[in-house]
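**Q** Here you go, upload-v4.cif (mmCIF, C-alpha atoms):
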data_final
loop_
_atom_site.label_atom_id
_atom_site.label_comp_id
_atom_site.auth_asym_id
_atom_site.auth_seq_id
_atom_site.Cartn_x
_atom_site.Cartn_y
_atom_site.Cartn_z
CA MET A 1 1.92 -77.30 -30.78
CA SER A 2 0.43 -80.78 -30.78
CA GLY A 3 -2.77 -81.49 -28.91
CA GLN A 4 -5.75 -79.24 -28.34
CA THR A 5 -6.69 -79.71 -24.69
CA PRO A 6 -10.17 -78.41 -23.81
CA LEU A 7 -10.48 -75.52 -21.38
CA TRP A 8 -12.31 -77.64 -18.78
CA ALA A 9 -9.28 -79.92 -18.51
CA TRP A 10 -7.02 -76.95 -17.72
CA ILE A 11 -9.52 -75.69 -15.13
CA ALA A 12 -9.82 -79.15 -13.54
CA VAL A 13 -6.05 -79.63 -13.28
CA THR A 14 -5.53 -76.12 -11.88
CA ALA A 15 -8.28 -76.66 -9.30
CA ALA A 16 -6.81 -80.03 -8.30
CA ILE A 17 -3.37 -78.49 -7.84
CA GLY A 18 -4.88 -75.74 -5.67
CA CYS A 19 -6.65 -78.32 -3.51
CA PHE A 20 -3.46 -80.36 -3.09
CA LEU A 21 -1.52 -77.26 -2.01
CA ALA A 22 -4.24 -76.23 0.45
CA LEU A 23 -4.32 -79.72 1.95
CA ASP A 24 -0.53 -79.76 2.18
CA ILE A 25 -0.22 -76.49 4.11
CA LYS A 26 -3.17 -77.34 6.38
CA THR A 27 -1.67 -80.71 7.26
CA HIS A 28 1.60 -79.17 8.42
CA ALA A 29 0.43 -75.87 9.87
CA VAL A 30 1.18 -77.08 13.40
CA ARG A 31 4.13 -79.49 13.25
CA PRO A 32 6.99 -79.89 10.75
CA PRO A 33 7.17 -82.96 8.51
CA THR A 34 8.77 -86.16 9.78
CA LEU A 35 10.75 -88.68 7.73
CA ALA A 36 7.80 -91.09 7.86
CA TRP A 37 5.51 -88.36 6.50
CA ALA A 38 8.03 -87.51 3.77
CA ILE A 39 8.22 -91.13 2.58
CA ILE A 40 4.44 -91.55 2.61
CA ALA A 41 3.86 -88.16 0.94
CA SER A 42 6.46 -88.90 -1.77
CA ALA A 43 4.79 -92.21 -2.50
CA ALA A 44 1.39 -90.48 -2.57
CA TRP A 45 2.60 -87.79 -4.99
CA ILE A 46 4.08 -90.42 -7.29
CA GLY A 47 0.82 -92.37 -7.07
CA VAL A 48 -1.25 -89.30 -7.99
CA SER A 49 1.13 -88.55 -10.87
CA VAL A 50 0.85 -92.10 -12.21
CA LEU A 51 -2.94 -92.01 -11.82
CA PHE A 52 -3.05 -88.82 -13.89
CA GLY A 53 -1.01 -90.56 -16.58
CA VAL A 54 -3.50 -93.43 -16.59
CA ILE A 55 -6.35 -90.92 -16.97
CA LEU A 56 -4.54 -89.42 -19.95
CA TRP A 57 -4.13 -92.91 -21.41
CA VAL A 58 -7.87 -93.59 -21.13
CA THR A 59 -9.05 -90.17 -22.34
CA GLN A 60 -6.41 -89.14 -24.90
CA GLY A 61 -4.70 -92.34 -25.93
CA GLY A 62 -1.45 -94.17 -25.34
CA ALA A 63 0.74 -91.76 -27.32
CA VAL A 64 -0.12 -88.79 -25.11
CA ALA A 65 0.27 -90.87 -21.94
CA GLU A 66 3.69 -92.09 -23.06
CA GLN A 67 4.77 -88.48 -23.64
CA TYR A 68 3.50 -87.54 -20.18
CA PHE A 69 5.33 -90.38 -18.44
CA GLY A 70 8.53 -89.58 -20.32
CA ALA A 71 8.30 -85.89 -19.44
CA TYR A 72 7.34 -86.61 -15.82
CA LEU A 73 10.17 -89.09 -15.32
CA LEU A 74 12.66 -86.59 -16.74
CA GLU A 75 11.35 -83.74 -14.55
CA LYS A 76 11.23 -85.95 -11.46
CA SER A 77 14.82 -86.99 -12.06
CA LEU A 78 16.00 -83.42 -12.58
CA SER A 79 14.11 -82.28 -9.47
CA ILE A 80 16.51 -84.35 -7.37
CA ASP A 81 19.17 -81.81 -8.32
CA ASN A 82 16.98 -79.17 -6.66
CA VAL A 83 17.31 -81.12 -3.42
CA PHE A 84 21.10 -80.79 -3.55
CA VAL A 85 20.71 -77.02 -3.90
CA PHE A 86 18.14 -76.79 -1.10
CA VAL A 87 20.53 -78.61 1.25
CA VAL A 88 23.31 -76.13 0.44
CA LEU A 89 21.05 -73.08 0.80
CA PHE A 90 19.53 -74.19 4.08
CA GLY A 91 23.00 -74.92 5.41
CA ALA A 92 24.39 -71.59 4.23
CA PHE A 93 21.57 -69.66 5.91
CA ALA A 94 21.45 -71.98 8.95
CA VAL A 95 17.70 -72.46 8.53
CA PRO A 96 16.25 -74.44 11.47
CA ARG A 97 14.77 -77.73 10.28
CA ALA A 98 11.41 -76.78 11.80
CA LEU A 99 11.18 -73.81 9.40
CA GLN A 100 12.39 -75.51 6.22
CA HIS A 101 8.99 -76.95 5.31
CA ARG A 102 7.40 -73.46 5.32
CA VAL A 103 10.03 -72.05 2.96
CA LEU A 104 9.68 -75.02 0.63
CA TYR A 105 5.89 -74.74 0.56
CA TYR A 106 5.97 -71.18 -0.75
CA GLY A 107 8.93 -72.11 -2.90
CA VAL A 108 6.79 -74.77 -4.60
CA VAL A 109 3.94 -72.30 -5.14
CA GLY A 110 6.34 -69.79 -6.71
CA ALA A 111 7.95 -72.51 -8.83
CA LEU A 112 4.55 -73.52 -10.25
CA VAL A 113 3.80 -69.93 -11.26
CA LEU A 114 7.27 -69.37 -12.75
CA ARG A 115 7.21 -72.61 -14.71
CA ALA A 116 3.73 -71.93 -16.07
CA LEU A 117 5.10 -68.60 -17.34
CA PHE A 118 8.21 -70.24 -18.81
CA ILE A 119 6.13 -72.93 -20.53
CA THR A 120 3.76 -70.35 -22.02
CA VAL A 121 6.64 -68.28 -23.37
CA GLY A 122 8.48 -71.35 -24.64
CA ALA A 123 5.40 -72.74 -26.40
CA ASN A 124 4.69 -69.40 -28.09
CA LEU A 125 8.30 -69.13 -29.25
CA LEU A 126 8.23 -72.64 -30.70
CA ASP A 127 4.94 -71.86 -32.46
CA SER A 128 6.30 -68.64 -33.97
CA PHE A 129 9.91 -69.59 -34.70
CA SER A 130 10.81 -73.17 -35.53
CA TRP A 131 14.54 -72.46 -35.09
CA VAL A 132 13.98 -71.83 -31.36
CA ARG A 133 13.91 -75.61 -30.93
CA TYR A 134 17.62 -75.69 -31.83
CA VAL A 135 18.32 -72.92 -29.31
CA PHE A 136 16.55 -75.00 -26.67
CA GLY A 137 18.62 -78.02 -27.69
CA ALA A 138 21.87 -76.10 -27.36
CA ILE A 139 20.82 -74.76 -23.93
CA VAL A 140 20.04 -78.26 -22.67
CA VAL A 141 23.28 -79.77 -24.01
CA LEU A 142 25.34 -76.98 -22.41
CA ALA A 143 23.46 -77.49 -19.14
CA GLY A 144 24.34 -81.19 -19.22
CA LEU A 145 28.02 -80.52 -19.94
CA ARG A 146 28.11 -77.91 -17.17
CA MET A 147 26.61 -80.39 -14.73
CA ALA A 148 29.05 -83.13 -15.78
CA ARG A 149 32.02 -80.79 -15.15
CA GLY A 150 30.67 -79.98 -11.71
CA ALA A 151 30.67 -76.29 -12.64
CA GLU A 152 27.41 -75.64 -10.83
CA THR A 153 28.02 -73.87 -7.51
CA VAL A 154 25.58 -72.34 -5.08
CA ASN A 155 26.73 -69.18 -3.34
CA PRO A 156 23.86 -67.18 -1.78
CA GLU A 157 26.10 -64.17 -1.27
CA ARG A 158 26.61 -63.89 -5.06
CA ASN A 159 22.91 -64.27 -5.87
CA LEU A 160 21.76 -60.96 -7.38
CA LEU A 161 18.18 -61.26 -6.11
CA VAL A 162 19.31 -62.08 -2.58
CA ARG A 163 21.74 -59.16 -2.59
CA GLY A 164 18.99 -56.93 -3.97
CA VAL A 165 16.61 -57.85 -1.16
CA ARG A 166 19.25 -57.09 1.44
CA ARG A 167 20.00 -53.72 -0.12
CA ILE A 168 16.40 -52.62 -0.54
CA VAL A 169 14.79 -54.11 2.56
CA PRO A 170 16.27 -54.13 6.08
CA VAL A 171 16.76 -57.69 7.35
CA THR A 172 16.68 -58.81 10.99
CA ALA A 173 19.81 -60.43 12.39
CA ASP A 174 17.99 -63.61 13.41
CA TYR A 175 14.90 -65.67 12.59
CA ARG A 176 11.57 -64.60 14.06
CA GLY A 177 9.71 -67.88 14.17
CA ASP A 178 8.11 -68.72 10.83
CA ARG A 179 7.59 -65.06 9.87
CA PHE A 180 8.88 -63.73 6.55
CA THR A 181 8.48 -60.12 7.69
CA VAL A 182 7.99 -58.40 11.06
CA ARG A 183 7.10 -54.88 12.15
CA GLU A 184 9.73 -53.10 14.22
CA ALA A 185 9.93 -49.43 15.18
CA GLY A 186 6.87 -48.72 13.08
CA ARG A 187 8.24 -50.19 9.82
CA ARG A 188 7.99 -53.52 8.06
CA ILE A 189 11.32 -55.36 7.75
CA ALA A 190 12.30 -58.77 6.38
CA THR A 191 13.59 -61.77 8.28
CA PRO A 192 16.31 -64.13 6.99
CA LEU A 193 13.49 -66.53 6.09
CA LEU A 194 12.37 -64.18 3.30
CA VAL A 195 15.95 -63.98 2.01
CA VAL A 196 16.08 -67.79 1.91
CA LEU A 197 12.79 -67.89 -0.01
CA VAL A 198 14.18 -65.46 -2.59
CA ALA A 199 17.27 -67.67 -2.92
CA ILE A 200 15.08 -70.76 -3.43
CA GLU A 201 12.94 -69.04 -6.08
CA SER A 202 15.92 -67.62 -7.96
CA SER A 203 17.59 -71.04 -8.02
CA ASP A 204 14.41 -72.51 -9.52
CA ILE A 205 14.58 -69.91 -12.30
CA VAL A 206 17.98 -71.36 -13.19
CA PHE A 207 16.62 -74.91 -13.07
CA ALA A 208 13.60 -73.96 -15.17
CA THR A 209 15.77 -72.51 -17.94
CA ASP A 210 17.33 -75.98 -18.26
CA SER A 211 14.42 -78.30 -17.50
CA ILE A 212 11.64 -76.62 -19.49
CA PRO A 213 13.54 -76.77 -22.81
CA ALA A 214 14.47 -80.36 -21.91
CA VAL A 215 10.81 -81.36 -21.53
CA PHE A 216 10.02 -79.78 -24.89
CA GLY A 217 12.54 -82.31 -26.22
CA VAL A 218 10.20 -85.08 -25.03
CA THR A 219 6.87 -83.56 -26.12
CA ASP A 220 5.52 -80.36 -27.65
CA ASP A 221 2.07 -80.81 -26.10
CA VAL A 222 1.77 -77.81 -23.75
CA PHE A 223 -0.74 -79.55 -21.48
CA VAL A 224 1.61 -82.50 -21.06
CA VAL A 225 4.60 -80.21 -20.47
CA PHE A 226 2.73 -78.26 -17.77
CA THR A 227 1.19 -81.23 -15.96
CA SER A 228 4.44 -83.23 -15.94
CA ASN A 229 6.23 -80.20 -14.48
CA ALA A 230 3.46 -79.48 -11.99
CA PHE A 231 3.27 -83.01 -10.57
CA ALA A 232 7.07 -83.25 -10.36
CA VAL A 233 7.29 -79.90 -8.53
CA LEU A 234 4.36 -80.71 -6.21
CA GLY A 235 6.26 -83.70 -4.85
CA LEU A 236 9.49 -81.75 -4.46
CA ARG A 237 8.98 -80.73 -0.82
CA ALA A 238 8.37 -84.30 0.34
CA LEU A 239 11.29 -85.47 -1.80
CA TYR A 240 13.58 -83.01 0.00
CA PHE A 241 12.76 -84.40 3.43
CA VAL A 242 13.39 -87.93 2.14
CA PHE A 243 16.78 -87.15 0.56
CA ALA A 244 18.04 -84.21 2.65
CA ASP A 245 20.22 -86.40 4.83
CA LEU A 246 21.12 -88.83 2.04
CA VAL A 247 22.36 -86.57 -0.76
CA ASP A 248 26.00 -87.51 -0.12
CA ARG A 249 25.16 -91.13 -0.88
CA PHE A 250 24.20 -90.36 -4.50
CA SER A 251 27.58 -89.21 -5.77
CA TYR A 252 26.99 -90.44 -9.34
CA LEU A 253 23.46 -89.11 -9.73
CA LYS A 254 24.59 -85.75 -11.08
CA TYR A 255 26.48 -87.52 -13.87
CA GLY A 256 23.35 -89.48 -14.74
CA LEU A 257 21.33 -86.26 -14.89
CA ALA A 258 24.04 -84.71 -17.06
CA VAL A 259 23.79 -87.63 -19.50
CA LEU A 260 20.00 -87.22 -19.64
CA LEU A 261 20.27 -83.51 -20.40
CA VAL A 262 22.78 -84.10 -23.19
CA PHE A 263 20.61 -86.90 -24.62
CA VAL A 264 17.47 -84.75 -24.67
CA GLY A 265 19.39 -81.74 -26.01
CA VAL A 266 20.81 -83.77 -28.90
CA LYS A 267 17.31 -85.13 -29.55
CA LEU A 268 16.07 -81.54 -29.91
CA LEU A 269 18.94 -80.64 -32.23
CA LEU A 270 18.20 -83.63 -34.47
CA VAL A 271 14.48 -82.92 -34.88
CA GLY A 272 13.57 -83.51 -38.52
CA VAL A 273 16.69 -85.62 -39.06
CA VAL A 274 16.23 -88.49 -36.63
CA GLU A 275 12.88 -89.41 -35.07
CA VAL A 276 13.41 -90.92 -31.63
CA PRO A 277 10.40 -92.97 -30.42
CA ILE A 278 8.98 -91.85 -27.09
CA LEU A 279 9.25 -95.37 -25.65
CA PHE A 280 12.98 -95.33 -26.44
CA THR A 281 13.27 -91.98 -24.62
CA LEU A 282 11.43 -93.44 -21.63
CA GLY A 283 13.77 -96.42 -21.59
CA VAL A 284 16.88 -94.24 -21.74
CA ILE A 285 15.67 -92.04 -18.84
CA ALA A 286 14.83 -95.06 -16.66
CA LEU A 287 18.09 -96.86 -17.54
CA VAL A 288 20.38 -93.86 -16.89
CA ILE A 289 18.74 -93.00 -13.55
CA GLY A 290 18.73 -96.64 -12.49
CA VAL A 291 22.42 -97.11 -13.34
CA SER A 292 23.53 -93.86 -11.67
CA VAL A 293 21.56 -94.58 -8.47
CA THR A 294 22.79 -98.19 -8.33
CA ALA A 295 26.40 -97.10 -8.89
CA SER A 296 26.04 -94.47 -6.14
CA VAL A 297 24.63 -96.98 -3.65
CA LEU A 298 27.33 -99.54 -4.43
CA ALA A 299 30.08 -96.91 -4.14
CA THR A 300 28.68 -95.69 -0.81
CA GLY A 301 28.52 -99.28 0.47
CA ARG A 302 32.19 -99.81 -0.39
CA ARG A 303 33.21 -96.61 1.41
CA ALA A 304 31.10 -97.29 4.52
CA PRO A 305 33.59 -99.63 6.32
#
Take the structure in this file and express it as structure tokens.

**A**
Amino acid sequence: MSGQTPLWAWIAVTAAIGCFLALDIKTHAVRPPTLAWAIIASAAWIGVSVLFGVILWVTQGGAVAEQYFGAYLLEKSLSIDNVFVFVVLFGAFAVPRALQHRVLYYGVVGALVLRALFITVGANLLDSFSWVRYVFGAIVVLAGLRMARGAETVNPERNLLVRGVRRIVPVTADYRGDRFTVREAGRRIATPLLVVLVAIESSDIVFATDSIPAVFGVTDDVFVVFTSNAFAVLGLRALYFVFADLVDRFSYLKYGLAVLLVFVGVKLLLVGVVEVPILFTLGVIALVIGVSVTASVLATGRRAP
């Protein structure tokens, strides 16, 4: 893999992520997030992500920074699809809005761990077997075509992990505040909040199998792949509370994301045949997202009367 990032840089980034997560949970330990907080927090996360890209530009050069911004923009765009799924899951389980932020917090922590594992495995596979890149490309193209067809459905009752939890662990009939488990009749049992968390984590596994190979289509620098994923995921909770009530207004966004996945997948498949400059990739990502969002807003405006 390209780039040999020193150990201290990994330690510094991991420590910074831990501090951000601790600050996040401490800030909202008492009251749930408001829309104003979500907008400010989203802007802050984007600002931190851009600042990190600038630091990369200064310390490692423009080429690495361009790869980071391309990977981050792709991950940030794809993370919007997570919001659609979160809305469906929270609706299906009738999760009170006051409890949603707690589920998403631990969901983000789990997503960071899972994606770090996926990235490590993916990087080792690419190092050992060059043909894996074409497998990744095929996975990403198929994911894009599946998204374009609208074949993606979210049914918690068919989720194997959710069904497994319900079979193995007794679950209370209703929510017990913000508790994931409670003790009743001398035994520890789960609440529906834990089932929702399992559903969130298992859905992220599905997203990771698409998005991680896609990011490897932008860069093969493991440090860049991890940090772009981490900063995109860290802002996911705030992004949810910004878009949760607006997802129906972005009807064309899924098609834009599908186009991006197919583009990146084809780019992976053509490695060694066609060299696509990173700035061109950045431009395509920005253009496709901009067009799909603009088309969605215009379409929503026409339907509003």

**Q** Convert the output of the PyMOL selection byres ((chain A and resi 285) around 10) on the shown file into explicit residues, formatted as a ChimeraX atom specification.

**A** /A:70-71,73-74,77,256-257,259-261,263-264,279-284,286-290

**Q** Please indicate the distance in Å from atom CA of A:Gly18 to atom CA of A:Thr120, rounded to one decimal place.

**A** 19.3 Å

**Q** Exactly which residues make up the result of the PyMOL selection byres ((chain A and resi 234) around 9) on this file, given as a ChimeraX atom specification?

**A** /A:17,20-21,45,108-109,112,229-233,235-238

**Q** Which residues match the PyMOL selection byres ((chain A and resi 100) around 10) in the file above, as a list in words?

**A**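 That expression, the PyMOL selection byres ((chain A and resi 100) around 10), corresponds here to Pro32, Pro33, Phe86, Phe90, Val95, Pro96, Arg97, Ala98, Leu99, His101, Arg102, Val103, Leu104, Tyr105, Asp178, Leu193, Val196, Leu197, Arg237, Tyr240 and Phe241 of chain A.
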
**Q** What's the separation between atom CA of A:Ser211 and atom CA of A:Gly265, in Å to one decimal place?

**A**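 Atom CA of A:Gly265 lies 10.4 Å from atom CA of A:Ser211.
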
**Q** Please identify all polymer residues within 10 Å of A:Val162, counting all atoms listed in the file, omitting same-chain residues fewer than 6 positions from it, and present them as a PDB file with C-alpha atoms, in the coordinates of the input.

**A**
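The new file part-v6.pdb reads:
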ATOM      1  CA  PRO A 156      23.860 -67.180  -1.780  1.00  0.00           C
ATOM      2  CA  LEU A 194      12.370 -64.180   3.300  1.00  0.00           C
ATOM      3  CA  VAL A 195      15.950 -63.980   2.010  1.00  0.00           C
ATOM      4  CA  VAL A 196      16.080 -67.790   1.910  1.00  0.00           C
ATOM      5  CA  LEU A 197      12.790 -67.890  -0.010  1.00  0.00           C
ATOM      6  CA  VAL A 198      14.180 -65.460  -2.590  1.00  0.00           C
ATOM      7  CA  ALA A 199      17.270 -67.670  -2.920  1.00  0.00           C
ATOM      8  CA  ILE A 200      15.080 -70.760  -3.430  1.00  0.00           C
ATOM      9  CA  SER A 202      15.920 -67.620  -7.960  1.00  0.00           C
TER      10      SER A 202
END

**Q** Have a look at A:Gly177, A:Arg183, A:Arg188, A:Val218 and name the one nearest to A:Gly137; count all atoms listed in the file.

**A**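 Closest candidate: A:Val218.
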
**Q** Return as lines of an AutoDock Vina configuration file the box centre and box size in Å, one decimal, for an axis-aligned box around all listed atoms of stretch 262-267 of chain A padded by 6 Å per side.

**A**
center_x = 20.0
center_y = -84.3
center_z = -26.4
size_x = 17.5
size_y = 17.2
size_z = 18.4

**Q** Skip stretch 50-60 of chain A itself and residues of its chain fewer than 2 positions away, then list as a list in words all residues within 10 Å of it, counting all atoms listed in the file.

**A**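 What passes the distance filter is Gly3, Thr5, Val13, Ala44, Trp45, Ile46, Gly47, Val48, Gly62, Ala63, Val64, Ala65, Glu66, Gln67, Tyr68, Phe69, Tyr72, Val224, Thr227, Ser228 and Phe231 of chain A.
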
**Q** Please indicate the distance in Å from atom CA of A:Ala43 to atom CA of A:Ala22, rounded to one decimal place.

**A** 18.6 Å

**Q** Find, counting only C-alpha atoms, the residue in A:Val113, A:Leu125, A:Ile119, A:Leu78 that gets nearest to A:Thr14.

**A** A:Val113

**Q** Residues within 10 Å of (13.4, -69.9, -10.4), file coordinates, counting only C-alpha atoms: what are they? Give the list as a short mmCIF file (atom, residue, chain, number, x, y, z; two decimals) with C-alpha atoms, in the frame of the given file.

**A**
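That gives us part23.cif:
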data_model
loop_
_atom_site.label_atom_id
_atom_site.label_comp_id
_atom_site.auth_asym_id
_atom_site.auth_seq_id
_atom_site.Cartn_x
_atom_site.Cartn_y
_atom_site.Cartn_z
CA GLY A 107 8.93 -72.11 -2.90
CA GLY A 110 6.34 -69.79 -6.71
CA ALA A 111 7.95 -72.51 -8.83
CA LEU A 112 4.55 -73.52 -10.25
CA VAL A 113 3.80 -69.93 -11.26
CA LEU A 114 7.27 -69.37 -12.75
CA ARG A 115 7.21 -72.61 -14.71
CA PHE A 118 8.21 -70.24 -18.81
CA VAL A 198 14.18 -65.46 -2.59
CA ALA A 199 17.27 -67.67 -2.92
CA ILE A 200 15.08 -70.76 -3.43
CA GLU A 201 12.94 -69.04 -6.08
CA SER A 202 15.92 -67.62 -7.96
CA SER A 203 17.59 -71.04 -8.02
CA ASP A 204 14.41 -72.51 -9.52
CA ILE A 205 14.58 -69.91 -12.30
CA VAL A 206 17.98 -71.36 -13.19
CA PHE A 207 16.62 -74.91 -13.07
CA ALA A 208 13.60 -73.96 -15.17
CA THR A 209 15.77 -72.51 -17.94
#

**Q** Give me the residues near A:Leu126 as a PyMOL selection string, where near means some atom within 12 Å (using all atoms listed in the file) and where sequence neighbours in that chain fewer than 3 positions away do not count.

**A** chain A and resi 1-2+119-123+129-136+213+216-217+219-222+268

**Q** Name the residues within 12 Å of (23.4, -97.0, -7.8), counting only C-alpha atoms in the file's coordinates, and put them as a PDB file with C-alpha atoms, in the coordinates of the input.

**A**
ATOM      1  CA  ARG A 249      25.160 -91.130  -0.880  1.00  0.00           C
ATOM      2  CA  PHE A 250      24.200 -90.360  -4.500  1.00  0.00           C
ATOM      3  CA  SER A 251      27.580 -89.210  -5.770  1.00  0.00           C
ATOM      4  CA  TYR A 252      26.990 -90.440  -9.340  1.00  0.00           C
ATOM      5  CA  LEU A 253      23.460 -89.110  -9.730  1.00  0.00           C
ATOM      6  CA  LYS A 254      24.590 -85.750 -11.080  1.00  0.00           C
ATOM      7  CA  TYR A 255      26.480 -87.520 -13.870  1.00  0.00           C
ATOM      8  CA  GLY A 256      23.350 -89.480 -14.740  1.00  0.00           C
ATOM      9  CA  LEU A 287      18.090 -96.860 -17.540  1.00  0.00           C
ATOM     10  CA  VAL A 288      20.380 -93.860 -16.890  1.00  0.00           C
ATOM     11  CA  ILE A 289      18.740 -93.000 -13.550  1.00  0.00           C
ATOM     12  CA  GLY A 290      18.730 -96.640 -12.490  1.00  0.00           C
ATOM     13  CA  VAL A 291      22.420 -97.110 -13.340  1.00  0.00           C
ATOM     14  CA  SER A 292      23.530 -93.860 -11.670  1.00  0.00           C
ATOM     15  CA  VAL A 293      21.560 -94.580  -8.470  1.00  0.00           C
ATOM     16  CA  THR A 294      22.790 -98.190  -8.330  1.00  0.00           C
ATOM     17  CA  ALA A 295      26.400 -97.100  -8.890  1.00  0.00           C
ATOM     18  CA  SER A 296      26.040 -94.470  -6.140  1.00  0.00           C
ATOM     19  CA  VAL A 297      24.630 -96.980  -3.650  1.00  0.00           C
ATOM     20  CA  LEU A 298      27.330 -99.540  -4.430  1.00  0.00           C
ATOM     21  CA  ALA A 299      30.080 -96.910  -4.140  1.00  0.00           C
ATOM     22  CA  THR A 300      28.680 -95.690  -0.810  1.00  0.00           C
ATOM     23  CA  GLY A 301      28.520 -99.280   0.470  1.00  0.00           C
ATOM     24  CA  ARG A 302      32.190 -99.810  -0.390  1.00  0.00           C
TER      25      ARG A 302
END
